[in-house]
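Have a look at my_file17.tsv below; it lists TSV, C-alpha atoms.
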```tsv
chain	number	residue	atom	x	y	z
A	1	MET	CA	92.55	92.63	80.32
A	2	THR	CA	93.35	89.35	81.98
A	3	THR	CA	90.65	87.15	83.31
A	4	VAL	CA	91.49	85.01	86.29
A	5	SER	CA	89.77	81.77	87.10
A	6	GLY	CA	90.21	78.87	89.41
A	7	THR	CA	89.95	78.49	93.13
A	8	LEU	CA	91.43	80.63	95.86
A	9	HIS	CA	92.38	78.77	99.03
A	10	VAL	CA	92.02	80.97	102.08
A	11	ASP	CA	93.15	80.17	105.62
A	12	ILE	CA	91.50	82.49	108.15
A	13	TRP	CA	92.26	82.79	111.83
A	14	ARG	CA	89.25	81.77	113.93
A	15	GLY	CA	89.19	82.46	117.64
A	16	THR	CA	90.75	85.00	119.94
A	17	GLU	CA	94.27	84.74	121.37
A	18	THR	CA	93.82	81.01	121.05
A	19	GLY	CA	92.22	79.44	118.05
A	20	GLN	CA	93.13	77.87	114.73
A	21	PHE	CA	93.06	78.57	111.03
A	22	GLN	CA	89.99	77.54	109.09
A	23	ALA	CA	90.29	76.75	105.41
A	24	PHE	CA	87.89	78.10	102.81
A	25	ALA	CA	87.83	77.78	99.03
A	26	ILE	CA	86.21	80.45	96.89
A	27	PRO	CA	86.35	81.31	93.19
A	28	ARG	CA	89.07	83.65	91.92
A	29	ARG	CA	87.63	86.76	90.31
A	30	ASP	CA	88.99	89.67	88.34
A	31	HIS	CA	90.18	92.63	90.45
A	32	GLN	CA	89.14	90.80	93.61
A	33	THR	CA	90.36	92.51	96.78
A	34	VAL	CA	91.20	90.70	99.99
A	35	LEU	CA	88.24	92.46	101.61
A	36	ASP	CA	86.02	91.07	98.81
A	37	VAL	CA	87.29	87.61	99.73
A	38	VAL	CA	86.51	87.99	103.43
A	39	THR	CA	83.09	89.43	102.66
A	40	GLU	CA	82.27	86.61	100.26
A	41	ILE	CA	83.30	84.02	102.83
A	42	GLN	CA	81.21	85.67	105.53
A	43	ARG	CA	78.13	86.00	103.30
A	44	GLU	CA	78.33	82.73	101.41
A	45	HIS	CA	80.21	80.27	103.63
A	46	ASP	CA	80.22	81.17	107.31
A	47	ALA	CA	78.14	83.99	108.74
A	48	THR	CA	79.90	83.70	112.12
A	49	LEU	CA	83.17	85.05	110.70
A	50	SER	CA	83.96	88.38	112.38
A	51	TYR	CA	85.91	91.17	110.71
A	52	ARG	CA	85.74	94.93	110.52
A	53	PHE	CA	85.32	97.31	107.62
A	54	ALA	CA	83.46	100.49	106.78
A	55	CYS	CA	84.37	102.58	103.74
A	56	ARG	CA	85.86	99.92	101.40
A	57	VAL	CA	87.88	102.61	99.61
A	58	GLY	CA	90.94	103.24	101.79
A	59	MET	CA	89.63	106.14	103.83
A	60	CYS	CA	88.68	104.67	107.20
A	61	GLY	CA	91.50	102.17	107.82
A	62	SER	CA	89.27	99.77	109.71
A	63	CYS	CA	89.80	96.72	107.47
A	64	ALA	CA	93.50	96.28	108.26
A	65	MET	CA	94.61	92.67	108.70
A	66	VAL	CA	97.74	90.60	108.33
A	67	VAL	CA	97.69	89.14	104.83
A	68	ASN	CA	100.26	86.42	104.11
A	69	GLY	CA	102.38	87.73	106.97
A	70	ARG	CA	102.19	91.45	106.20
A	71	PRO	CA	99.86	94.06	107.69
A	72	ARG	CA	97.71	95.71	105.02
A	73	TRP	CA	94.45	97.45	104.27
A	74	THR	CA	92.46	94.61	102.79
A	75	CYS	CA	90.21	96.94	100.78
A	76	ARG	CA	93.20	98.33	98.89
A	77	THR	CA	94.95	95.01	98.40
A	78	ARG	CA	94.13	92.97	95.34
A	79	VAL	CA	94.39	89.22	95.71
A	80	SER	CA	96.63	89.08	92.65
A	81	GLU	CA	99.23	91.23	94.46
A	82	VAL	CA	99.56	89.01	97.50
A	83	VAL	CA	98.44	85.48	96.72
A	84	ASP	CA	101.28	82.99	97.02
A	85	ASP	CA	102.47	80.62	94.31
A	86	GLY	CA	100.15	77.90	95.57
A	87	GLY	CA	97.09	80.13	95.20
A	88	ARG	CA	96.72	80.55	98.97
A	89	LEU	CA	95.87	83.47	101.20
A	90	ARG	CA	96.49	83.45	104.94
A	91	LEU	CA	94.51	86.04	106.86
A	92	GLU	CA	95.20	86.91	110.48
A	93	PRO	CA	94.16	89.70	112.82
A	94	LEU	CA	96.62	92.58	113.22
A	95	ARG	CA	99.62	91.66	115.34
A	96	ASN	CA	100.23	93.46	118.68
A	97	PHE	CA	96.51	93.95	119.32
A	98	ALA	CA	94.21	91.90	121.53
A	99	VAL	CA	91.89	89.89	119.34
A	100	VAL	CA	88.16	90.42	119.87
A	101	LYS	CA	87.21	87.58	117.57
A	102	ASP	CA	88.62	86.16	114.34
A	103	LEU	CA	89.91	89.14	112.33
A	104	ALA	CA	88.54	91.93	114.54
A	105	VAL	CA	90.97	93.46	117.04
A	106	GLU	CA	90.61	95.57	120.16
A	107	MET	CA	92.10	99.02	119.51
A	108	THR	CA	91.60	100.64	122.91
A	109	GLN	CA	95.23	100.32	123.99
A	110	PHE	CA	96.37	101.70	120.64
A	111	PHE	CA	94.32	104.88	121.05
A	112	ASP	CA	95.06	105.13	124.78
A	113	LYS	CA	98.69	105.47	123.75
A	114	TRP	CA	97.80	108.42	121.51
A	115	LYS	CA	96.41	110.08	124.61
A	116	ALA	CA	99.46	109.05	126.66
A	117	ALA	CA	101.71	110.64	124.01
A	118	LYS	CA	99.62	113.84	124.26
A	119	GLY	CA	98.59	113.24	120.68
A	120	PHE	CA	95.83	115.80	120.84
A	121	PHE	CA	95.74	119.54	120.27
A	122	GLU	CA	96.17	121.57	123.46
A	123	PRO	CA	94.75	125.07	122.98
A	124	GLY	CA	95.91	126.43	126.35
A	125	ALA	CA	93.94	128.01	129.15
A	126	GLU	CA	92.95	131.12	127.19
A	127	PRO	CA	91.64	131.14	123.63
A	128	ALA	CA	93.96	132.65	121.05
A	129	VAL	CA	93.16	136.31	120.41
A	130	ASP	CA	93.71	136.05	116.67
A	131	PHE	CA	94.21	133.54	113.89
A	132	ALA	CA	97.68	132.00	113.85
A	133	MET	CA	99.60	132.72	110.66
A	134	VAL	CA	101.27	129.48	109.55
A	135	PRO	CA	103.03	129.91	106.20
A	136	PRO	CA	102.93	126.62	104.27
A	137	ALA	CA	106.64	126.81	103.43
A	138	THR	CA	107.92	126.83	107.01
A	139	PRO	CA	109.85	123.70	108.08
A	140	GLU	CA	107.46	123.19	111.00
A	141	ARG	CA	104.37	123.25	108.79
A	142	GLN	CA	106.00	120.89	106.31
A	143	ALA	CA	107.05	118.51	109.10
A	144	ALA	CA	103.47	118.50	110.38
A	145	ASP	CA	102.11	118.02	106.84
A	146	SER	CA	104.23	114.95	106.29
A	147	GLY	CA	102.56	113.08	109.13
A	148	ILE	CA	99.12	114.63	109.32
A	149	GLU	CA	97.33	112.21	106.97
A	150	CYS	CA	97.45	109.31	109.44
A	151	ILE	CA	94.00	107.77	109.86
A	152	GLY	CA	94.86	105.48	112.77
A	153	CYS	CA	94.50	102.14	111.00
A	154	GLY	CA	97.06	100.38	113.22
A	155	VAL	CA	99.13	98.89	110.37
A	156	CYS	CA	102.33	100.51	111.67
A	157	TYR	CA	101.59	99.34	115.21
A	158	SER	CA	101.09	95.82	113.94
A	159	ALA	CA	104.34	95.96	111.98
A	160	CYS	CA	106.42	97.31	114.86
A	161	ASP	CA	108.80	94.82	116.49
A	162	VAL	CA	109.42	97.11	119.45
A	163	VAL	CA	105.71	97.06	120.34
A	164	ALA	CA	105.87	93.26	120.19
A	165	TRP	CA	108.77	93.23	122.65
A	166	ASP	CA	107.66	96.08	124.89
A	167	ARG	CA	103.90	96.34	125.30
A	168	ASP	CA	104.23	99.74	126.96
A	169	TYR	CA	106.04	101.33	123.99
A	170	LEU	CA	103.88	104.17	122.67
A	171	GLY	CA	104.27	102.99	119.10
A	172	PRO	CA	104.78	104.71	115.75
A	173	ALA	CA	101.27	106.12	115.22
A	174	ALA	CA	101.04	107.87	118.59
A	175	LEU	CA	104.56	109.26	118.25
A	176	ASN	CA	103.89	110.41	114.69
A	177	ARG	CA	100.81	112.28	115.90
A	178	ALA	CA	102.83	113.83	118.73
A	179	TRP	CA	105.43	115.00	116.21
A	180	THR	CA	102.79	116.75	114.07
A	181	LEU	CA	101.69	118.61	117.21
A	182	VAL	CA	105.25	119.45	118.28
A	183	ASN	CA	105.35	121.32	114.97
A	184	ASP	CA	102.02	123.06	115.50
A	185	ALA	CA	102.72	126.71	116.32
A	186	ARG	CA	99.29	127.08	117.92
A	187	ASP	CA	99.68	124.28	120.44
A	188	ARG	CA	100.24	125.22	124.11
A	189	GLY	CA	100.99	121.78	125.50
A	190	GLN	CA	104.54	121.22	124.27
A	191	ALA	CA	106.27	120.72	127.63
A	192	ALA	CA	103.83	118.01	128.70
A	193	ARG	CA	104.03	116.40	125.26
A	194	LEU	CA	107.83	116.27	125.28
A	195	ASP	CA	107.70	114.85	128.81
A	196	ALA	CA	105.32	112.16	127.59
A	197	VAL	CA	107.32	111.13	124.54
A	198	SER	CA	110.62	111.31	126.44
A	199	ALA	CA	109.66	108.64	128.96
A	200	SER	CA	111.35	105.24	128.75
A	201	ASP	CA	108.55	103.84	126.62
A	202	GLY	CA	108.62	106.84	124.31
A	203	CYS	CA	110.59	107.82	121.24
A	204	GLN	CA	114.03	106.62	122.32
A	205	ALA	CA	112.77	103.03	122.56
A	206	CYS	CA	112.47	102.98	118.75
A	207	HIS	CA	115.09	100.75	117.08
A	208	THR	CA	114.71	102.42	113.69
A	209	HIS	CA	113.75	99.14	112.03
A	210	MET	CA	111.49	101.25	109.79
A	211	SER	CA	108.78	98.59	109.53
A	212	CYS	CA	106.19	101.30	110.25
A	213	THR	CA	107.48	103.42	107.39
A	214	SER	CA	107.71	100.42	105.10
A	215	PHE	CA	104.14	99.23	105.69
A	216	CYS	CA	102.21	102.49	106.14
A	217	PRO	CA	99.46	102.48	103.49
A	218	LYS	CA	99.49	106.30	103.48
A	219	ALA	CA	103.24	106.43	102.78
A	220	ILE	CA	103.80	108.29	106.04
A	221	ALA	CA	107.22	107.88	107.64
A	222	PRO	CA	106.76	107.57	111.42
A	223	THR	CA	110.45	106.69	111.71
A	224	TYR	CA	111.35	110.25	110.73
A	225	ALA	CA	108.73	111.65	113.09
A	226	ILE	CA	110.30	109.62	115.91
A	227	ALA	CA	113.77	110.86	114.92
A	228	GLY	CA	112.38	114.40	115.08
A	229	LEU	CA	111.04	113.75	118.57
A	230	LYS	CA	114.45	112.46	119.66
A	231	ARG	CA	116.04	115.65	118.36
A	232	ALA	CA	113.43	117.78	120.14
A	233	MET	CA	113.93	115.82	123.34
A	234	LEU	CA	117.72	116.10	123.23
A	235	GLY	CA	117.54	119.76	122.25
A	236	ARG	CA	115.40	120.51	125.27
A	237	SER	CA	117.76	118.54	127.50
A	238	LEU	CA	120.78	120.47	126.18
A	239	ARG	CA	118.99	123.76	126.78
A	240	GLY	CA	118.62	122.80	130.40
A	241	GLY	CA	115.17	121.28	130.34
A	242	ARG	CA	114.45	117.75	131.45
B	243	MET	CA	115.76	111.58	133.19
B	244	THR	CA	115.63	109.40	130.09
B	245	ALA	CA	116.61	112.37	127.92
B	246	VAL	CA	119.73	112.75	130.05
B	247	LEU	CA	120.44	109.03	129.72
B	248	LEU	CA	120.02	109.15	125.96
B	249	LEU	CA	122.26	112.19	125.73
B	250	ALA	CA	124.89	110.52	127.94
B	251	GLN	CA	124.73	107.35	125.89
B	252	ARG	CA	125.15	109.20	122.58
B	253	ALA	CA	127.93	111.44	123.91
B	254	THR	CA	129.89	108.51	125.34
B	255	ALA	CA	129.35	106.57	122.10
B	256	PHE	CA	131.14	109.40	120.32
B	257	VAL	CA	134.00	109.26	122.82
B	258	LEU	CA	134.20	105.47	122.59
B	259	ALA	CA	134.24	105.44	118.79
B	260	LEU	CA	137.36	107.60	118.85
B	261	ALA	CA	138.89	105.89	121.87
B	262	VAL	CA	138.45	102.34	120.53
B	263	ALA	CA	139.91	103.35	117.15
B	264	PHE	CA	142.89	105.02	118.83
B	265	HIS	CA	143.33	102.08	121.23
B	266	LEU	CA	143.35	99.48	118.42
B	267	GLY	CA	145.51	101.66	116.19
B	268	THR	CA	148.04	102.09	118.98
B	269	ILE	CA	148.16	98.34	119.64
B	270	LEU	CA	148.82	97.63	115.97
B	271	TYR	CA	151.44	100.37	115.73
B	272	ALA	CA	153.20	99.60	119.01
B	273	SER	CA	153.40	95.86	118.52
B	274	ARG	CA	154.81	95.98	114.99
B	275	GLY	CA	158.35	95.70	116.28
B	276	GLY	CA	157.51	93.04	118.87
B	277	LEU	CA	157.44	95.03	122.08
B	278	THR	CA	157.61	93.06	125.33
B	279	ALA	CA	155.31	93.69	128.28
B	280	ALA	CA	158.23	95.23	130.17
B	281	GLU	CA	158.92	97.64	127.30
B	282	ILE	CA	155.24	98.64	127.15
B	283	LEU	CA	155.10	99.21	130.91
B	284	ALA	CA	158.27	101.30	130.69
B	285	ARG	CA	156.43	103.62	128.29
B	286	THR	CA	153.17	103.77	130.24
B	287	HIS	CA	154.74	104.15	133.69
B	288	GLY	CA	154.03	107.63	134.99
B	289	ASN	CA	152.70	108.70	131.58
B	290	LEU	CA	149.94	111.26	132.23
B	291	TRP	CA	148.66	110.99	128.63
B	292	PHE	CA	148.13	107.28	129.19
B	293	LEU	CA	146.32	108.01	132.45
B	294	LEU	CA	144.13	110.67	130.87
B	295	PHE	CA	143.26	108.62	127.78
B	296	TYR	CA	142.44	105.33	129.49
B	297	GLY	CA	140.80	107.08	132.45
B	298	THR	CA	138.45	108.79	129.98
B	299	PHE	CA	137.96	105.48	128.17
B	300	VAL	CA	136.93	103.70	131.37
B	301	ILE	CA	134.57	106.49	132.44
B	302	ALA	CA	132.90	106.47	129.02
B	303	VAL	CA	132.46	102.69	129.23
B	304	ALA	CA	131.04	102.93	132.75
B	305	VAL	CA	128.43	105.41	131.52
B	306	HIS	CA	127.68	103.86	128.12
B	307	ALA	CA	127.43	100.14	128.87
B	308	PRO	CA	124.90	100.26	131.75
B	309	ILE	CA	122.55	102.53	129.77
B	310	GLY	CA	122.58	100.14	126.83
B	311	LEU	CA	122.17	97.15	129.13
B	312	ARG	CA	119.27	98.94	130.84
B	313	ASN	CA	117.50	99.23	127.47
B	314	VAL	CA	118.11	95.56	126.69
B	315	LEU	CA	116.85	94.40	130.09
B	316	ARG	CA	113.77	96.63	129.88
B	317	GLU	CA	112.90	95.27	126.49
B	318	TRP	CA	113.84	91.61	126.73
B	319	ALA	CA	113.43	90.82	130.43
B	320	ALA	CA	110.62	93.33	131.17
B	321	TRP	CA	112.64	94.47	134.19
B	322	ARG	CA	111.45	97.93	135.23
B	323	GLY	CA	111.60	100.38	138.07
B	324	ARG	CA	114.09	101.39	140.73
B	325	SER	CA	115.54	97.90	141.17
B	326	LEU	CA	116.72	97.97	137.56
B	327	ASP	CA	118.23	101.43	137.92
B	328	LEU	CA	119.94	100.45	141.16
B	329	ALA	CA	121.34	97.21	139.69
B	330	LEU	CA	122.77	99.09	136.73
B	331	LEU	CA	124.18	101.82	138.94
B	332	LEU	CA	126.05	99.09	140.81
B	333	PHE	CA	127.18	97.61	137.48
B	334	SER	CA	128.42	101.04	136.44
B	335	ILE	CA	130.37	101.43	139.69
B	336	LEU	CA	131.83	97.95	139.21
B	337	LEU	CA	133.05	98.83	135.71
B	338	LEU	CA	134.44	102.10	136.98
B	339	VAL	CA	136.31	100.54	139.91
B	340	LEU	CA	137.70	97.60	137.94
B	341	GLY	CA	138.65	99.79	134.99
B	342	LEU	CA	140.31	102.58	136.93
B	343	ARG	CA	142.09	100.06	139.14
B	344	ALA	CA	143.60	98.47	136.04
B	345	VAL	CA	144.57	101.86	134.58
B	346	PHE	CA	146.26	102.95	137.81
B	347	ALA	CA	148.00	99.59	138.07
B	348	VAL	CA	149.59	100.06	134.65
B	349	PHE	CA	150.31	103.75	135.33
B	350	THR	CA	152.09	103.10	138.60
B	351	SER	CA	153.85	99.80	137.84
```
Rewrite the structure from the file as structure tokens, please.
Amino acid sequence: MTTVSGTLHVDIWRGTETGQFQAFAIPRRDHQTVLDVVTEIQREHDATLSYRFACRVGMCGSCAMVVNGRPRWTCRTRVSEVVDDGGRLRLEPLRNFAVVKDLAVEMTQFFDKWKAAKGFFEPGAEPAVDFAMVPPATPERQAADSGIECIGCGVCYSACDVVAWDRDYLGPAALNRAWTLVNDARDRGQAARLDAVSASDGCQACHTHMSCTSFCPKAIAPTYAIAGLKRAMLGRSLRGGR
Amino acid sequence: MTAVLLLAQRATAFVLALAVAFHLGTILYASRGGLTAAEILARTHGNLWFLLFYGTFVIAVAVHAPIGLRNVLREWAAWRGRSLDLALLLFSILLLVLGLRAVFAVFTS
């Protein structure tokens, strides 16, 4: 087992939309995660540093930040994986979000877009009379399975260039959630959902850069979900729908 | 509405892919022997295949280009709403008029 030593130089964004990077120096440690680094700085160097975390084990998604230019879960990122050749780390808040302070971002718009994309289960006016039988091998169930593990961390939204250019674009996470519901046989809100994702700021605005798919810490592929939505949207249009 | 636009854009892209390839291929083939403008016009004059092919080509361009430009302007210039749609409808009509005028000019000359 290797033992690291020396000093880690960390530049952390301080401020909101305006601000500057502040430099810190802390000891390198074995198996140190980026979240460990931020926590050590906040506890030992500057208690006013703001950041967000909860579970520390890759379940909640709240510790996402931009680390040396790439959006990541800091709790699941070891310093040794990302530190540059000069022994430096550069930590910034997630891109495409309003910054509350330092490394903490405002996620209201992100989740509002989930609602705008009808990214919630719609049971219909009347409760179902019986349990829905959904065989695991059906293509619909498998399509839903492939996107269902999203925990809403915002990494894909931060990575998306289209969101950066078009602030109204629904974004990969909301569209991925919509796609899982399009494939839910029990859902009764499909027409409204397809209307929502077919709007100008919906699925067809995607440029298929695949940054969301590349950076998703859960290895989900929102790009394919968005392609599925495009097919569903065009299929409905060809069948005479909107 | 946007589903229809996307469908129209994809369908015309398919037409244009074939039309551009045929157009370029024909230019290369026809000009191998050094045809003059007069010789070309002699072949296109009154040729209904020419009229049909380039008429379709122009219509596909007039549908495809404004939809793509609409996406670019929405994204890069943040231009939204009816004014954008109206401007691009006018652009589409401009392409259609200029293109068909040129096609008819060659067809009838």
Item to complete: Kindly determine which residues of chain B lie within 9 Å of chain A, considering all atoms listed in the file, and give the answer as JSON, numbers by chain.
Response: {"B": [243, 244, 245, 246, 248, 249, 313, 316, 317, 318, 320]}
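When the distance limit is 12 Å and only C-alpha atoms are what count, the residues near Ser325 in chain B, minus those fewer than 5 positions from it on the same chain, are B:Arg312, B:Leu315, B:Arg316, B:Leu330, B:Leu331, B:Leu332.
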Worksheet item: Neighbours of Leu340 in chain B within 12 Å (all atoms listed in the file; same-chain residues fewer than 3 positions away dropped), as a list of chain:residue names?
Response: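 Everything that qualifies: B:Gly297, B:Val300, B:Ile301, B:Val303, B:Ala304, B:Phe333, B:Ser334, B:Ile335, B:Leu336, B:Leu337, B:Arg343, B:Ala344, B:Val345, B:Phe346, B:Ala347.
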Selection export as a JSON list (two decimals), in the coordinates of the input, atoms kept: C-alpha atoms:
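As a result, part10.json now contains:
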```
[["chain", "number", "residue", "atom", "x", "y", "z"],
["B", 297, "GLY", "CA", 140.80, 107.08, 132.45],
["B", 300, "VAL", "CA", 136.93, 103.70, 131.37],
["B", 301, "ILE", "CA", 134.57, 106.49, 132.44],
["B", 303, "VAL", "CA", 132.46, 102.69, 129.23],
["B", 304, "ALA", "CA", 131.04, 102.93, 132.75],
["B", 333, "PHE", "CA", 127.18, 97.61, 137.48],
["B", 334, "SER", "CA", 128.42, 101.04, 136.44],
["B", 335, "ILE", "CA", 130.37, 101.43, 139.69],
["B", 336, "LEU", "CA", 131.83, 97.95, 139.21],
["B", 337, "LEU", "CA", 133.05, 98.83, 135.71],
["B", 343, "ARG", "CA", 142.09, 100.06, 139.14],
["B", 344, "ALA", "CA", 143.60, 98.47, 136.04],
["B", 345, "VAL", "CA", 144.57, 101.86, 134.58],
["B", 346, "PHE", "CA", 146.26, 102.95, 137.81],
["B", 347, "ALA", "CA", 148.00, 99.59, 138.07]]
```
Item to complete: Would you list the contacts of Arg72 in chain A as a list in words, taking every protein, DNA or RNA residue within 8 Å and counting all atoms listed in the file, but skipping same-chain residues closer than 6 positions in sequence?
Response: Ala64, Met65, Val66, Val155, Phe215 and Pro217 of chain A
Residues near Phe110 in chain A, cut-off 12 Å, all atoms listed in the file, skip fewer than 2 positions along chain, as a PDB file with C-alpha atoms, in the frame of the given file:
```
ATOM      1  CA  LEU A  94      96.620  92.580 113.220  1.00  0.00           C
ATOM      2  CA  ARG A  95      99.620  91.660 115.340  1.00  0.00           C
ATOM      3  CA  ASN A  96     100.230  93.460 118.680  1.00  0.00           C
ATOM      4  CA  PHE A  97      96.510  93.950 119.320  1.00  0.00           C
ATOM      5  CA  ALA A  98      94.210  91.900 121.530  1.00  0.00           C
ATOM      6  CA  VAL A 105      90.970  93.460 117.040  1.00  0.00           C
ATOM      7  CA  GLU A 106      90.610  95.570 120.160  1.00  0.00           C
ATOM      8  CA  MET A 107      92.100  99.020 119.510  1.00  0.00           C
ATOM      9  CA  THR A 108      91.600 100.640 122.910  1.00  0.00           C
ATOM     10  CA  ASP A 112      95.060 105.130 124.780  1.00  0.00           C
ATOM     11  CA  LYS A 113      98.690 105.470 123.750  1.00  0.00           C
ATOM     12  CA  TRP A 114      97.800 108.420 121.510  1.00  0.00           C
ATOM     13  CA  LYS A 115      96.410 110.080 124.610  1.00  0.00           C
ATOM     14  CA  ALA A 116      99.460 109.050 126.660  1.00  0.00           C
ATOM     15  CA  ALA A 117     101.710 110.640 124.010  1.00  0.00           C
ATOM     16  CA  GLY A 119      98.590 113.240 120.680  1.00  0.00           C
ATOM     17  CA  GLY A 152      94.860 105.480 112.770  1.00  0.00           C
ATOM     18  CA  CYS A 153      94.500 102.140 111.000  1.00  0.00           C
ATOM     19  CA  GLY A 154      97.060 100.380 113.220  1.00  0.00           C
ATOM     20  CA  VAL A 155      99.130  98.890 110.370  1.00  0.00           C
ATOM     21  CA  CYS A 156     102.330 100.510 111.670  1.00  0.00           C
ATOM     22  CA  TYR A 157     101.590  99.340 115.210  1.00  0.00           C
ATOM     23  CA  SER A 158     101.090  95.820 113.940  1.00  0.00           C
ATOM     24  CA  VAL A 163     105.710  97.060 120.340  1.00  0.00           C
ATOM     25  CA  ARG A 167     103.900  96.340 125.300  1.00  0.00           C
ATOM     26  CA  ASP A 168     104.230  99.740 126.960  1.00  0.00           C
ATOM     27  CA  TYR A 169     106.040 101.330 123.990  1.00  0.00           C
ATOM     28  CA  LEU A 170     103.880 104.170 122.670  1.00  0.00           C
ATOM     29  CA  GLY A 171     104.270 102.990 119.100  1.00  0.00           C
ATOM     30  CA  PRO A 172     104.780 104.710 115.750  1.00  0.00           C
ATOM     31  CA  ALA A 173     101.270 106.120 115.220  1.00  0.00           C
ATOM     32  CA  ALA A 174     101.040 107.870 118.590  1.00  0.00           C
ATOM     33  CA  LEU A 175     104.560 109.260 118.250  1.00  0.00           C
TER      34      LEU A 175
END
```
Worksheet item: Between CA of Ser62 in chain A and CA of Pro27 in chain A, what is the distance, to one decimal in Å?
Response: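 Answer for the CA of Ser62 in chain A to CA of Pro27 in chain A separation: 24.9 Å.
Picture a line from CA of Arg52 in chain A to CA of Asp36 in chain A; it runs 12.3 Å.
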Worksheet item: Nearest to Phe24 in chain A: which of A:Arg193, A:Arg88, A:Arg56, A:Lys118 is it, counting all atoms listed in the file?
Response: A:Arg88
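In this structure, CA of Ala191 in chain A sits 26.9 Å away from CA of Met210 in chain A.
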Discussion item. Under the rule that only C-alpha atoms are counted, which of B:Gln251, B:Ile282, B:Arg322, B:Leu258 is the nearest residue to Pro308 in chain B?
Written reply: B:Gln251
Discussion item. Quick one: residues within 12 Å of Ala261 in chain B, all atoms listed in the file, excluding same-chain residues fewer than 3 positions away - as a list in words?
Written reply: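 Surrounding residues, per the criterion: Thr254, Ala255, Phe256, Val257, Leu258, Phe264, His265, Leu266, Gly267, Thr268, Phe292, Leu294, Phe295, Tyr296, Gly297, Thr298, Phe299, Val300, Ile301, Ala302 and Val303 of chain B.
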Practice prompt. Would you please work out which residue, of A:Ser146, A:Pro71, A:Gly87, A:Thr77, is nearest to Ala25 in chain A when using all atoms listed in the file?
Written response: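 With all atoms listed in the file as the atom set, the closest residue is A:Gly87.
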Fill in: Proximity to Gln190 in chain A - best of A:Val38, A:Val100, A:Ala178, A:Val134, all atoms listed in the file
A:Ala178
Please reconstruct the missing atoms of range 147-162 of chain A (target: N, CA and C atoms) and return them as a short mmCIF file (atom, residue, chain, number, x, y, z; two decimals), keeping the file's coordinate frame.
```
data_model
loop_
_atom_site.label_atom_id
_atom_site.label_comp_id
_atom_site.auth_asym_id
_atom_site.auth_seq_id
_atom_site.Cartn_x
_atom_site.Cartn_y
_atom_site.Cartn_z
N GLY A 147 103.12 114.15 108.30
CA GLY A 147 102.56 113.08 109.13
C GLY A 147 101.08 113.21 109.41
N ILE A 148 100.47 114.28 108.88
CA ILE A 148 99.12 114.63 109.32
C ILE A 148 98.03 113.74 108.72
N GLU A 149 98.36 112.99 107.66
CA GLU A 149 97.33 112.21 106.97
C GLU A 149 97.05 110.86 107.62
N CYS A 150 97.69 110.60 108.76
CA CYS A 150 97.45 109.31 109.44
C CYS A 150 95.98 109.18 109.81
N ILE A 151 95.40 107.99 109.51
CA ILE A 151 94.00 107.77 109.86
C ILE A 151 93.84 106.72 110.96
N GLY A 152 94.96 106.36 111.60
CA GLY A 152 94.86 105.48 112.77
C GLY A 152 94.42 104.06 112.47
N CYS A 153 94.94 103.49 111.39
CA CYS A 153 94.50 102.14 111.00
C CYS A 153 95.17 101.05 111.83
N GLY A 154 96.36 101.36 112.39
CA GLY A 154 97.06 100.38 113.22
C GLY A 154 98.03 99.49 112.45
N VAL A 155 98.20 99.72 111.14
CA VAL A 155 99.13 98.89 110.37
C VAL A 155 100.56 99.04 110.90
N CYS A 156 100.96 100.28 111.18
CA CYS A 156 102.33 100.51 111.67
C CYS A 156 102.54 99.85 113.03
N TYR A 157 101.52 99.92 113.86
CA TYR A 157 101.59 99.34 115.21
C TYR A 157 101.72 97.83 115.12
N SER A 158 101.01 97.26 114.16
CA SER A 158 101.09 95.82 113.94
C SER A 158 102.45 95.40 113.41
N ALA A 159 103.06 96.29 112.61
CA ALA A 159 104.34 95.96 111.98
C ALA A 159 105.52 96.17 112.92
N CYS A 160 105.29 96.88 114.02
CA CYS A 160 106.42 97.31 114.86
C CYS A 160 106.93 96.20 115.77
N ASP A 161 108.20 95.85 115.63
CA ASP A 161 108.80 94.82 116.49
C ASP A 161 108.95 95.31 117.92
N VAL A 162 109.21 96.59 118.09
CA VAL A 162 109.42 97.11 119.45
C VAL A 162 108.13 96.99 120.26
#
```
